[in-house]
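Enquirer: The structure is given below, and queries will be raised subsequently.
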Amino acid sequence: MPTQLLSPPAIETSDDEQLARRVRNFILARVLPAANFVEVDADGGIVTLTGRVGTFYQKQLWLNGAQRVAGVRRVVDDIEVAPFPAK
(Lines give C-alpha, C1' and ligand atoms only; values in the text may rest on other atoms or scores of the structure.)
Protein backbone atom coordinates (compact mmCIF):
# COMPACT_ATOMS: atom_id res chain seq x y z
CA MET A 1 0.00 0.00 0.00
CA PRO A 2 1.54 3.38 -1.02
CA THR A 3 2.33 5.89 1.67
CA GLN A 4 0.19 9.00 1.50
CA LEU A 5 1.90 12.23 2.42
CA LEU A 6 -0.21 14.65 4.36
CA SER A 7 0.35 18.32 3.71
CA PRO A 8 0.75 20.54 6.73
CA PRO A 9 -2.41 22.31 7.77
CA ALA A 10 -2.94 25.64 6.07
CA ILE A 11 -2.26 28.58 8.31
CA GLU A 12 -5.25 30.84 8.18
CA THR A 13 -4.57 34.51 8.37
CA SER A 14 -6.99 37.36 8.61
CA ASP A 15 -7.43 39.95 5.90
CA ASP A 16 -5.69 42.46 8.18
CA GLU A 17 -2.66 40.20 8.63
CA GLN A 18 -2.44 39.68 4.88
CA LEU A 19 -2.68 43.42 4.26
CA ALA A 20 0.07 44.16 6.79
CA ARG A 21 2.27 41.52 5.15
CA ARG A 22 1.65 42.97 1.67
CA VAL A 23 2.60 46.45 2.87
CA ARG A 24 5.78 45.19 4.54
CA ASN A 25 6.75 43.11 1.49
CA PHE A 26 6.10 46.07 -0.83
CA ILE A 27 8.42 48.28 1.22
CA LEU A 28 11.09 45.62 1.73
CA ALA A 29 11.18 44.98 -2.02
CA ARG A 30 12.61 48.47 -2.31
CA VAL A 31 15.50 47.48 0.00
CA LEU A 32 15.12 50.08 2.68
CA PRO A 33 17.85 50.26 5.29
CA ALA A 34 16.64 49.79 8.84
CA ALA A 35 13.45 48.13 7.60
CA ASN A 36 13.49 45.78 10.58
CA PHE A 37 12.83 48.71 12.91
CA VAL A 38 9.35 49.39 11.51
CA GLU A 39 6.30 47.35 12.49
CA VAL A 40 3.27 47.15 10.22
CA ASP A 41 -0.20 46.50 11.65
CA ALA A 42 -3.54 46.61 9.86
CA ASP A 43 -7.09 46.85 11.12
CA GLY A 44 -9.96 47.13 8.67
CA GLY A 45 -7.80 48.64 5.95
CA ILE A 46 -6.15 51.12 8.32
CA VAL A 47 -2.40 50.47 8.34
CA THR A 48 -0.31 51.67 11.27
CA LEU A 49 3.44 52.06 10.81
CA THR A 50 5.34 52.13 14.11
CA GLY A 51 9.07 52.26 14.69
CA ARG A 52 12.19 54.18 13.83
CA VAL A 53 14.08 55.07 10.68
CA GLY A 54 17.30 57.00 10.22
CA THR A 55 16.12 59.73 7.85
CA PHE A 56 13.01 61.68 6.93
CA TYR A 57 13.41 60.32 3.39
CA GLN A 58 13.10 56.73 4.66
CA LYS A 59 9.98 57.72 6.60
CA GLN A 60 8.43 59.17 3.42
CA LEU A 61 9.26 55.98 1.52
CA TRP A 62 7.41 53.93 4.15
CA LEU A 63 4.38 56.21 4.16
CA ASN A 64 4.13 56.57 0.38
CA GLY A 65 4.81 52.88 -0.18
CA ALA A 66 2.11 51.83 2.28
CA GLN A 67 -0.44 54.06 0.56
CA ARG A 68 0.24 52.34 -2.77
CA VAL A 69 -0.74 48.84 -1.59
CA ALA A 70 -4.19 47.66 -2.66
CA GLY A 71 -6.62 47.48 0.25
CA VAL A 72 -5.05 50.26 2.29
CA ARG A 73 -7.69 52.85 3.16
CA ARG A 74 -5.61 54.99 5.50
CA VAL A 75 -2.05 55.08 6.88
CA VAL A 76 -1.35 56.05 10.49
CA ASP A 77 2.17 57.42 10.93
CA ASP A 78 3.88 56.44 14.18
CA ILE A 79 7.38 56.41 12.66
CA GLU A 80 10.09 58.29 14.51
CA VAL A 81 13.08 59.75 12.67
CA ALA A 82 16.22 59.24 14.72
CA PRO A 83 19.73 58.66 13.38
CA PHE A 84 21.13 55.27 14.28
CA PRO A 85 24.38 55.20 16.27
CA ALA A 86 27.52 54.51 14.23
CA LYS A 87 28.97 51.04 14.65
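So you can find residues: chains in the C-alpha coordinates are A, B, ... in the order shown, residues in each start at 1, and ligands are numbered from 1 in order.
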For Gly51 of chain A, work out the shell of residues within 7 Å, counting only C-alpha atoms and skipping chain neighbours fewer than 5 positions away, then give it as a PyMOL selection string.
Expert: chain A and resi 37-39+78-80
Enquirer: Only N, CA, C and O atoms, please: the residues just picked out, written as a PDB file, in the first residue's frame.
Expert:
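Saved file result-v2.pdb follows:
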ATOM      1  N   PHE A  37      13.204  47.887  11.771  1.00  0.00           N
ATOM      2  CA  PHE A  37      12.832  48.706  12.907  1.00  0.00           C
ATOM      3  C   PHE A  37      11.443  49.313  12.752  1.00  0.00           C
ATOM      4  O   PHE A  37      11.060  50.170  13.516  1.00  0.00           O
ATOM      5  N   VAL A  38      10.708  48.884  11.724  1.00  0.00           N
ATOM      6  CA  VAL A  38       9.352  49.391  11.507  1.00  0.00           C
ATOM      7  C   VAL A  38       8.385  48.214  11.562  1.00  0.00           C
ATOM      8  O   VAL A  38       8.575  47.208  10.891  1.00  0.00           O
ATOM      9  N   GLU A  39       7.356  48.360  12.375  1.00  0.00           N
ATOM     10  CA  GLU A  39       6.302  47.351  12.487  1.00  0.00           C
ATOM     11  C   GLU A  39       5.119  47.800  11.644  1.00  0.00           C
ATOM     12  O   GLU A  39       4.822  48.998  11.580  1.00  0.00           O
ATOM     13  N   ASP A  78       3.248  56.438  12.859  1.00  0.00           N
ATOM     14  CA  ASP A  78       3.879  56.436  14.180  1.00  0.00           C
ATOM     15  C   ASP A  78       5.367  56.143  14.034  1.00  0.00           C
ATOM     16  O   ASP A  78       5.975  55.477  14.878  1.00  0.00           O
ATOM     17  N   ILE A  79       5.955  56.628  12.927  1.00  0.00           N
ATOM     18  CA  ILE A  79       7.376  56.406  12.662  1.00  0.00           C
ATOM     19  C   ILE A  79       8.166  57.593  13.189  1.00  0.00           C
ATOM     20  O   ILE A  79       7.864  58.742  12.895  1.00  0.00           O
ATOM     21  N   GLU A  80       9.193  57.282  13.959  1.00  0.00           N
ATOM     22  CA  GLU A  80      10.091  58.295  14.509  1.00  0.00           C
ATOM     23  C   GLU A  80      11.329  58.374  13.631  1.00  0.00           C
ATOM     24  O   GLU A  80      11.844  57.347  13.177  1.00  0.00           O
TER      25      GLU A  80
END
Enquirer: Which residue, A:Arg21, A:Leu63, A:Gly71, A:Arg52, has the smallest gap to Val40 of chain A when you use only C-alpha atoms?
Expert: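 Of A:Arg21, A:Leu63, A:Gly71, A:Arg52, the one nearest Val40 of chain A is A:Arg21, counting only C-alpha atoms.
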Enquirer: Measure the distance from atom CA of Gln60 of chain A to atom CA of Gly45 of chain A in Å and round it to one decimal.
Expert: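 That distance, rounded to one decimal, is 19.5 Å.
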